[in-house]
>>> print(open('query_15.txt').read())   # compact mmCIF, C-alpha atoms and all ligand atoms
# COMPACT_ATOMS: atom_id res chain seq x y z
CA MET A 1 90.21 133.69 89.55
CA ILE A 2 93.56 131.93 89.57
CA VAL A 3 94.58 130.55 92.99
CA THR A 4 97.33 128.17 94.10
CA THR A 5 96.74 124.46 94.46
CA LYS A 6 97.74 124.93 98.12
CA GLN A 7 94.70 127.16 98.71
CA LEU A 8 92.44 124.56 97.10
CA PHE A 9 93.98 121.72 99.11
CA GLU A 10 93.50 123.52 102.42
CA THR A 11 89.74 123.50 101.93
CA ALA A 12 89.57 119.99 100.46
CA TYR A 13 91.89 117.95 102.68
CA GLY A 14 90.29 114.80 104.08
CA LYS A 15 86.90 115.64 102.58
CA TYR A 16 87.11 115.63 98.80
CA ALA A 17 89.61 115.77 95.93
CA ILE A 18 90.08 118.45 93.28
CA GLY A 19 90.00 117.35 89.64
CA ALA A 20 93.19 118.18 87.74
CA TYR A 21 92.40 118.12 84.04
CA ASN A 22 94.90 118.39 81.17
CA ILE A 23 94.08 120.64 78.26
CA ASN A 24 95.66 121.23 74.86
CA ASN A 25 93.20 123.25 72.82
CA LEU A 26 90.32 125.71 72.79
CA GLU A 27 87.52 123.16 72.80
CA GLN A 28 88.93 121.40 75.87
CA CYS A 29 89.36 124.78 77.56
CA MET A 30 85.73 125.79 76.94
CA GLY A 31 84.33 122.40 77.95
CA LEU A 32 86.46 122.41 81.10
CA PHE A 33 85.28 125.81 82.33
CA ARG A 34 81.65 125.05 81.48
CA GLY A 35 81.69 121.64 83.18
CA ASN A 36 83.25 123.01 86.35
CA LEU A 37 80.85 125.92 86.57
CA ASP A 38 77.86 123.69 85.77
CA SER A 39 78.87 121.48 88.71
CA LYS A 40 80.00 124.43 90.88
CA ALA A 41 83.48 123.00 91.41
CA PRO A 42 86.94 124.47 91.94
CA PHE A 43 89.47 122.83 89.61
CA ILE A 44 93.06 122.59 88.41
CA ILE A 45 94.08 123.16 84.79
CA GLN A 46 97.09 121.03 83.94
CA ILE A 47 99.45 121.89 81.14
CA SER A 48 102.03 119.31 80.13
CA LYS A 49 105.26 119.97 78.28
CA GLY A 50 103.63 118.41 75.22
CA ALA A 51 100.66 120.76 75.54
CA ARG A 52 102.98 123.78 75.81
CA SER A 53 104.67 122.86 72.54
CA TYR A 54 101.55 121.64 70.68
CA THR A 55 101.09 125.14 69.27
CA HIS A 56 102.93 127.71 71.39
CA LYS A 57 103.02 128.04 75.17
CA LEU A 58 101.63 131.58 74.89
CA MET A 59 98.56 130.35 73.01
CA LEU A 60 97.44 128.26 76.00
CA GLU A 61 98.19 131.12 78.37
CA GLY A 62 96.20 133.56 76.23
CA MET A 63 93.28 131.15 76.03
CA ILE A 64 93.15 130.59 79.78
CA ARG A 65 93.44 134.31 80.54
CA SER A 66 90.51 134.91 78.18
CA ALA A 67 88.53 132.08 79.78
CA GLU A 68 89.05 133.79 83.15
CA GLN A 69 87.23 136.83 81.74
CA VAL A 70 84.52 134.83 79.98
CA PHE A 71 83.87 132.80 83.16
CA PRO A 72 84.50 135.27 86.03
CA ASP A 73 82.99 132.93 88.64
CA ALA A 74 85.53 130.16 88.05
CA ILE A 75 88.15 129.45 90.72
CA PHE A 76 91.09 127.39 89.51
CA ALA A 77 94.84 126.78 89.69
CA VAL A 78 97.14 126.72 86.66
CA HIS A 79 99.61 123.87 87.03
CA LEU A 80 102.56 122.54 85.03
CA ASP A 81 102.16 118.76 84.73
CA HIS A 82 105.28 116.52 84.80
CA GLY A 83 107.80 119.32 84.41
CA ASP A 84 111.55 118.96 84.12
CA GLU A 85 113.73 121.45 85.99
CA GLN A 86 114.13 123.96 83.15
CA THR A 87 110.44 123.94 82.27
CA CYS A 88 109.62 124.53 85.94
CA TYR A 89 111.85 127.62 85.98
CA ASP A 90 110.25 128.87 82.76
CA CYS A 91 106.77 128.53 84.31
CA ILE A 92 107.85 130.01 87.64
CA ASN A 93 109.25 133.05 85.85
CA SER A 94 106.25 133.40 83.52
CA GLY A 95 104.03 135.02 86.14
CA PHE A 96 101.16 132.85 84.90
CA TYR A 97 101.43 129.43 86.55
CA SER A 98 100.36 129.20 90.20
CA SER A 99 101.77 125.71 90.67
CA VAL A 100 104.41 123.48 89.07
CA MET A 101 105.19 119.80 89.19
CA ILE A 102 108.83 118.78 89.14
CA ASP A 103 108.98 115.15 88.06
CA ALA A 104 112.38 113.70 88.88
CA SER A 105 110.86 110.39 90.01
CA HIS A 106 113.02 108.49 87.51
CA GLU A 107 116.15 109.71 89.33
CA ASN A 108 117.53 108.07 92.46
CA PHE A 109 116.18 109.23 95.85
CA GLU A 110 118.99 111.71 96.62
CA THR A 111 118.99 113.27 93.14
CA ASN A 112 115.18 113.54 93.21
CA ILE A 113 115.49 115.39 96.55
CA ALA A 114 118.23 117.73 95.27
CA ILE A 115 116.32 118.68 92.09
CA THR A 116 113.01 119.08 93.91
CA LYS A 117 114.62 121.28 96.58
CA ARG A 118 116.10 123.63 93.94
CA VAL A 119 112.70 124.00 92.27
CA VAL A 120 110.94 124.50 95.62
CA ASP A 121 113.36 127.30 96.57
CA ALA A 122 112.87 129.08 93.24
CA ALA A 123 109.08 128.66 93.30
CA HIS A 124 108.50 129.65 96.91
CA ALA A 125 110.50 132.85 96.37
CA LYS A 126 107.72 133.85 93.95
CA GLY A 127 104.73 132.50 95.90
CA ILE A 128 104.31 129.48 93.62
CA VAL A 129 103.70 126.02 95.01
CA VAL A 130 105.35 122.74 94.01
CA GLU A 131 104.25 119.14 93.54
CA SER A 132 106.86 116.41 93.24
CA GLU A 133 106.70 112.67 92.68
CA LEU A 134 108.17 109.76 94.57
CA GLY A 135 107.81 106.17 93.36
CA GLN A 136 107.19 104.81 89.89
CA LEU A 137 103.76 104.71 88.31
CA GLY A 138 102.78 101.94 85.98
CA GLY A 139 103.60 98.35 85.35
CA VAL A 140 102.00 97.15 88.55
CA GLU A 141 100.14 94.04 87.49
CA GLU A 142 98.18 91.60 89.55
CA HIS A 143 100.35 88.66 88.50
CA VAL A 144 103.50 90.41 89.74
CA LYS A 145 104.66 89.13 93.14
CA VAL A 146 103.84 91.49 96.05
CA ASP A 147 107.53 92.23 96.67
CA GLU A 148 108.18 93.20 93.10
CA SER A 149 105.10 95.35 92.75
CA ASN A 150 105.74 97.07 96.07
CA ALA A 151 109.18 98.06 94.83
CA LYS A 152 107.47 100.40 92.38
CA LEU A 153 105.03 101.86 94.86
CA THR A 154 105.90 104.85 97.04
CA ASN A 155 107.75 103.88 100.21
CA PRO A 156 105.93 105.60 103.13
CA ASP A 157 109.10 106.18 105.20
CA GLN A 158 110.86 107.70 102.21
CA ALA A 159 107.80 109.87 101.52
CA LYS A 160 108.10 111.47 104.97
CA GLU A 161 111.83 112.07 104.58
CA PHE A 162 111.34 113.43 101.06
CA VAL A 163 108.73 115.97 102.15
CA GLU A 164 110.76 117.09 105.16
CA ARG A 165 113.99 117.54 103.22
CA THR A 166 112.51 119.26 100.15
CA GLY A 167 109.79 121.48 101.64
CA VAL A 168 107.54 120.44 98.75
CA ASP A 169 103.83 121.39 99.00
CA SER A 170 102.25 118.17 97.75
CA LEU A 171 103.44 114.71 96.80
CA ALA A 172 102.42 112.46 93.92
CA CYS A 173 102.48 108.89 95.17
CA ALA A 174 102.54 105.66 93.21
CA ILE A 175 99.71 103.56 94.64
CA GLY A 176 99.02 101.21 91.74
CA THR A 177 97.81 103.45 88.92
CA SER A 178 99.53 104.15 85.62
CA HIS A 179 99.13 106.68 82.83
CA GLY A 180 97.07 105.99 79.73
CA ALA A 181 94.14 103.76 78.78
CA PHE A 182 95.59 100.37 79.72
CA LYS A 183 96.04 100.39 83.48
CA PHE A 184 95.20 96.98 84.89
CA SER A 185 95.30 93.60 83.16
CA GLY A 186 93.02 92.12 85.82
CA SER A 187 91.01 93.29 88.77
CA GLN A 188 93.69 95.12 90.71
CA GLY A 189 92.62 98.36 92.34
CA LEU A 190 94.32 101.10 94.33
CA HIS A 191 96.75 100.21 97.13
CA PHE A 192 94.88 101.81 100.02
CA ASP A 193 97.24 100.09 102.46
CA VAL A 194 100.16 102.13 101.11
CA LEU A 195 98.10 105.32 101.14
CA GLU A 196 97.13 104.74 104.77
CA GLU A 197 100.78 104.29 105.76
CA ILE A 198 101.77 107.49 103.95
CA GLN A 199 98.97 109.43 105.64
CA LYS A 200 100.01 108.13 109.07
CA ARG A 201 103.51 109.53 108.51
CA LEU A 202 102.35 112.75 106.84
CA PRO A 203 99.05 113.68 108.52
CA GLY A 204 97.38 116.67 106.88
CA PHE A 205 99.80 116.70 103.96
CA PRO A 206 98.20 116.82 100.47
CA LEU A 207 98.78 113.76 98.29
CA VAL A 208 98.28 113.51 94.53
CA MET A 209 97.05 110.60 92.46
CA HIS A 210 98.29 110.48 88.86
CA GLY A 211 96.97 108.07 86.25
CA SER A 212 93.41 108.35 87.56
CA SER A 213 91.33 108.04 84.41
CA SER A 214 88.57 105.49 84.77
CA VAL A 215 88.51 104.58 81.05
CA PRO A 216 84.70 104.11 80.98
CA GLN A 217 83.86 100.87 79.23
CA GLU A 218 80.88 102.44 77.49
CA GLU A 219 83.22 105.03 75.97
CA VAL A 220 85.66 102.33 74.82
CA GLU A 221 82.84 100.28 73.28
CA ARG A 222 81.46 103.28 71.40
CA ILE A 223 84.94 104.16 70.08
CA ASN A 224 85.53 100.59 68.92
CA LYS A 225 82.07 100.40 67.34
CA ALA A 226 82.81 103.58 65.40
CA GLY A 227 86.03 102.19 63.91
CA GLY A 228 88.47 102.50 66.81
CA SER A 229 90.69 99.77 68.17
CA LEU A 230 91.15 100.05 71.92
CA LYS A 231 91.09 96.45 73.03
CA GLY A 232 91.51 95.72 76.72
CA ALA A 233 91.50 99.37 77.80
CA LYS A 234 90.85 99.62 81.55
CA GLY A 235 91.08 102.30 84.23
CA VAL A 236 90.62 103.20 87.90
CA ASN A 237 87.27 102.58 89.58
CA GLU A 238 85.94 106.11 90.06
CA ASP A 239 83.98 105.00 93.11
CA GLU A 240 87.36 104.65 94.88
CA PHE A 241 88.08 108.42 94.69
CA ALA A 242 86.05 109.17 97.82
CA ARG A 243 88.03 106.72 99.97
CA ALA A 244 91.32 108.06 98.57
CA ALA A 245 90.22 111.61 99.47
CA ILE A 246 89.59 110.65 103.09
CA LEU A 247 93.15 109.23 103.14
CA GLY A 248 94.68 112.54 102.05
CA VAL A 249 94.44 112.54 98.26
CA THR A 250 93.51 116.13 97.37
CA LYS A 251 94.36 116.14 93.65
CA VAL A 252 93.29 113.55 91.10
CA ASN A 253 94.87 113.75 87.61
CA ILE A 254 92.66 112.97 84.63
CA ASP A 255 93.73 113.29 81.00
CA THR A 256 93.10 110.03 79.14
CA ASP A 257 89.33 110.05 79.83
CA GLY A 258 89.05 113.47 78.17
CA ARG A 259 90.89 112.13 75.13
CA LEU A 260 88.44 109.23 74.99
CA VAL A 261 85.49 111.65 74.96
CA TRP A 262 87.18 113.55 72.11
CA THR A 263 87.81 110.32 70.15
CA ARG A 264 84.28 108.98 70.64
CA VAL A 265 82.64 112.27 69.61
CA HIS A 266 84.74 112.70 66.50
CA ARG A 267 84.60 109.05 65.36
CA GLU A 268 80.83 108.85 65.77
CA HIS A 269 80.21 112.24 64.19
CA PHE A 270 82.18 111.58 61.02
CA LEU A 271 80.81 108.04 60.71
CA GLU A 272 77.26 109.38 60.92
CA HIS A 273 77.99 112.42 58.72
CA PRO A 274 80.46 111.30 56.05
CA GLU A 275 79.55 114.32 53.95
CA ASN A 276 80.64 116.76 56.66
CA PHE A 277 83.92 118.65 56.51
CA ASP A 278 83.05 121.51 58.87
CA LEU A 279 84.95 121.50 62.16
CA ARG A 280 82.43 123.54 64.17
CA PRO A 281 79.46 121.15 64.44
CA VAL A 282 81.65 118.41 65.89
CA GLY A 283 83.58 120.92 68.01
CA LYS A 284 80.31 122.07 69.58
CA ILE A 285 79.26 118.50 70.36
CA PHE A 286 82.67 117.86 71.94
CA MET A 287 82.49 120.94 74.17
CA THR A 288 79.05 119.89 75.44
CA GLU A 289 80.08 116.27 75.99
CA TYR A 290 83.35 117.26 77.68
CA ALA A 291 81.51 119.64 80.02
CA LYS A 292 79.12 116.80 80.96
CA PHE A 293 82.06 114.48 81.57
CA ILE A 294 83.82 117.03 83.82
CA ALA A 295 80.64 117.64 85.85
CA HIS A 296 80.23 113.88 86.35
CA LYS A 297 83.85 113.45 87.49
CA ASN A 298 83.48 116.29 89.97
CA VAL A 299 80.51 114.51 91.55
CA LYS A 300 82.66 111.38 91.98
CA LEU A 301 85.56 113.45 93.41
CA GLY A 302 83.27 115.30 95.80
CA SER A 303 84.36 118.71 94.47
CA ALA A 304 80.96 119.38 92.88
CA GLY A 305 79.06 122.00 94.88
CA GLN A 306 82.18 123.25 96.73
CA LEU A 307 82.75 126.43 94.71
CA ASP A 308 80.97 128.86 97.04
CA ALA A 309 82.71 127.46 100.12
CA VAL A 310 86.08 127.84 98.38
CA ARG A 311 85.14 131.37 97.27
CA ALA A 312 84.43 132.35 100.87
CA LEU A 313 87.79 130.99 101.98
CA VAL A 314 89.91 132.58 99.24
CA GLY A 315 88.06 135.83 99.77
CA LYS A 316 86.43 136.67 96.49
O1 LIG B 401 100.73 112.31 82.47
C1 LIG B 401 100.73 112.75 81.32
C2 LIG B 401 99.55 113.47 80.83
O2 LIG B 401 98.55 112.59 80.46
C3 LIG B 401 99.95 114.42 79.74
O3 LIG B 401 100.18 113.76 78.53
O4 LIG B 401 102.44 114.62 77.92
O5 LIG B 401 100.92 113.61 76.19
O6 LIG B 401 100.42 115.86 77.16
P1 LIG B 401 101.05 114.49 77.39
P1 LIG B 402 95.52 109.42 83.00
O1 LIG B 402 96.35 108.93 81.85
O2 LIG B 402 95.00 108.29 83.81
O3 LIG B 402 94.42 110.33 82.57
O4 LIG B 402 96.50 110.26 83.97
C1 LIG B 402 96.76 111.60 83.71
C2 LIG B 402 97.87 112.14 84.55
O5 LIG B 402 98.31 111.56 85.51
C3 LIG B 402 98.41 113.46 84.16
O6 LIG B 402 99.50 113.83 84.94
ZN ZN B 403 100.70 112.14 85.56
>>> encode(input="query_15.txt", output="structure tokens", more="lines below")
Ligand code: G3H
Ligand code: 13P
Ligand code: ZN
Amino acid sequence: MIVTTKQLFETAYGKYAIGAYNINNLEQCMGLFRGNLDSKAPFIIQISKGARSYTHKLMLEGMIRSAEQVFPDAIFAVHLDHGDEQTCYDCINSGFYSSVMIDASHENFETNIAITKRVVDAAHAKGIVVESELGQLGGVEEHVKVDESNAKLTNPDQAKEFVERTGVDSLACAIGTSHGAFKFSGSQGLHFDVLEEIQKRLPGFPLVMHGSSSVPQEEVERINKAGGSLKGAKGVNEDEFARAAILGVTKVNIDTDGRLVWTRVHREHFLEHPENFDLRPVGKIFMTEYAKFIAHKNVKLGSAGQLDAVRALVGK
């Protein structure tokens, strides 16, 4: 059952966060549904612009619609990740996406507001909800002076003004994370102080944390041992998700970790089976391993075990 992210956030706010997982292909789709049902969790499927053009946007749509039939107990939102304005309109008009992200965070404050507001108006007219981003993810290093690093983090006063002027449904905030497998050069963690200030100004309003892969060191070591070269890869401490959820983070974006599972499974498999050229044995291992990974993440996010409560609230 496809629901909006807003419906999922209403049940989660202040208690747990919903995992938002990016997918590109069939194996990720199967592993994602299995892992969420195994752990009885509601979830968000994220589709990036790159994922839409990897094969054809209708291929992903067809796959997810089929998955909905294969897994009738699943409750999930379908969300455009990091959309530009035109892609948002395409998704809004598709009748398939229940949620879009407009990412104009690279623009100045006023332009970000103007673009976000246009997308919000178009989306709300069709019952679709919108996430937007304020602040700049990435590049926040522990050796950078506080003033400089804070300049990239979301400004709490601006966050309040942004939400009020745009009517957006959730806000992605920069609180020290970055995309990809190389997040922190040292021991820096999340900026809970910034999150607390944002929550004070926007009580009850759903916040989103991008760049939330934890880049498990065991995964990195196995990849490197099997011929990979990911030196110095480092991610978010997944034990910090629970505290972030209490402070209003209702959506946690995870993509890189899934790619690491894919890389580890395929590298190890072909190293151990050099004679193999069949794609199905390794595909099956990946689906199982990805499902296990998703179930584990949902435990850390607190969404594991929430499916029946969500079902009762969305009325299915
Ligand atoms: O934040 C970006 C996501 O990890 C999606 O990555 O644009 O390569 O599909 P992508
Ligand atoms: P990671 O690169 O940490 O997985 O972040 C993914 C993300 O934010 C997708 O929007
Ligand atoms: Zn992101």
>>> closest_residue(input="query_15.txt", among="A:Val252, A:Val194, A:Ala181, A:Ala77", to="ligand ZN 403 (chain B)", atoms="only C-alpha atoms and all ligand atoms")
A:Val252
>>> closest_residue(input="query_15.txt", among="A:Phe184, A:Phe205, A:Tyr54, A:Phe9", to="A:Ile23", atoms="all atoms listed in the file")
A:Tyr54
>>> atom_distance(input="query_15.txt", atom1="atom CA of A:Ala159", atom2="atom CA of A:Glu240")
22.1 Å
>>> residues_around(input="query_15.txt", residues="A:Val168", least_positions_apart="5", cutoff="7 Å", atoms="only C-alpha atoms", output="count of residues only")
5
>>> residues_around(input="query_15.txt", residues="A:Val249", least_positions_apart="4", cutoff="8 Å", atoms="all atoms listed in the file", output="MDAnalysis selection string")
chainID A and resid 13:14 16:17 206:209 244:245
>>> residues_near_point(input="query_15.txt", point="(96.4, 131.3, 72.0)", cutoff="12 Å", atoms="only C-alpha atoms", output="list in words")
Asn24, Asn25, Leu26, Cys29, Ala51, Arg52, Ser53, Tyr54, Thr55, His56, Lys57, Leu58, Met59, Leu60, Glu61, Gly62, Met63, Ile64, Arg65, Ser66 and Ala67 of chain A
>>> atom_distance(input="query_15.txt", atom1="atom CA of A:Leu230", atom2="atom CA of A:Ile18")
28.2 Å
>>> residues_near_ligand(input="query_15.txt", ligand="ligand LIG 401 (chain B)", cutoff="6 Å", atoms="all atoms listed in the file", output="PyMOL selection string")
chain A and resi 48+50-51+179+255
>>> residues_near_ligand(input="query_15.txt", ligand="ligand LIG 402 (chain B)", cutoff="7 Å", atoms="all atoms listed in the file", output="ChimeraX atom specification")
/A:22,81-82,178-181,210-213,253-257
>>> closest_residue(input="query_15.txt", among="A:Tyr89, A:Thr11, A:Leu134, A:Gly35", to="ligand ZN 403 (chain B)", atoms="all atoms listed in the file")
A:Leu134
>>> residues_around(input="query_15.txt", residues="A:Trp262", least_positions_apart="4", cutoff="8 Å", atoms="all atoms listed in the file", output="list in words")
Gly258, His266, Phe286 and Tyr290 of chain A
>>> closest_residue(input="query_15.txt", among="A:His79, A:Lys15, A:Lys231, A:His124", to="ligand ZN 403 (chain B)", atoms="all atoms listed in the file")
A:His79
>>> atom_distance(input="query_15.txt", atom1="atom CA of A:Ala291", atom2="atom CA of A:Arg34")
5.6 Å
>>> closest_residue(input="query_15.txt", among="A:Val119, A:Met1, A:Asp38, A:Leu171", to="ligand ZN 403 (chain B)", atoms="all atoms listed in the file")
A:Leu171
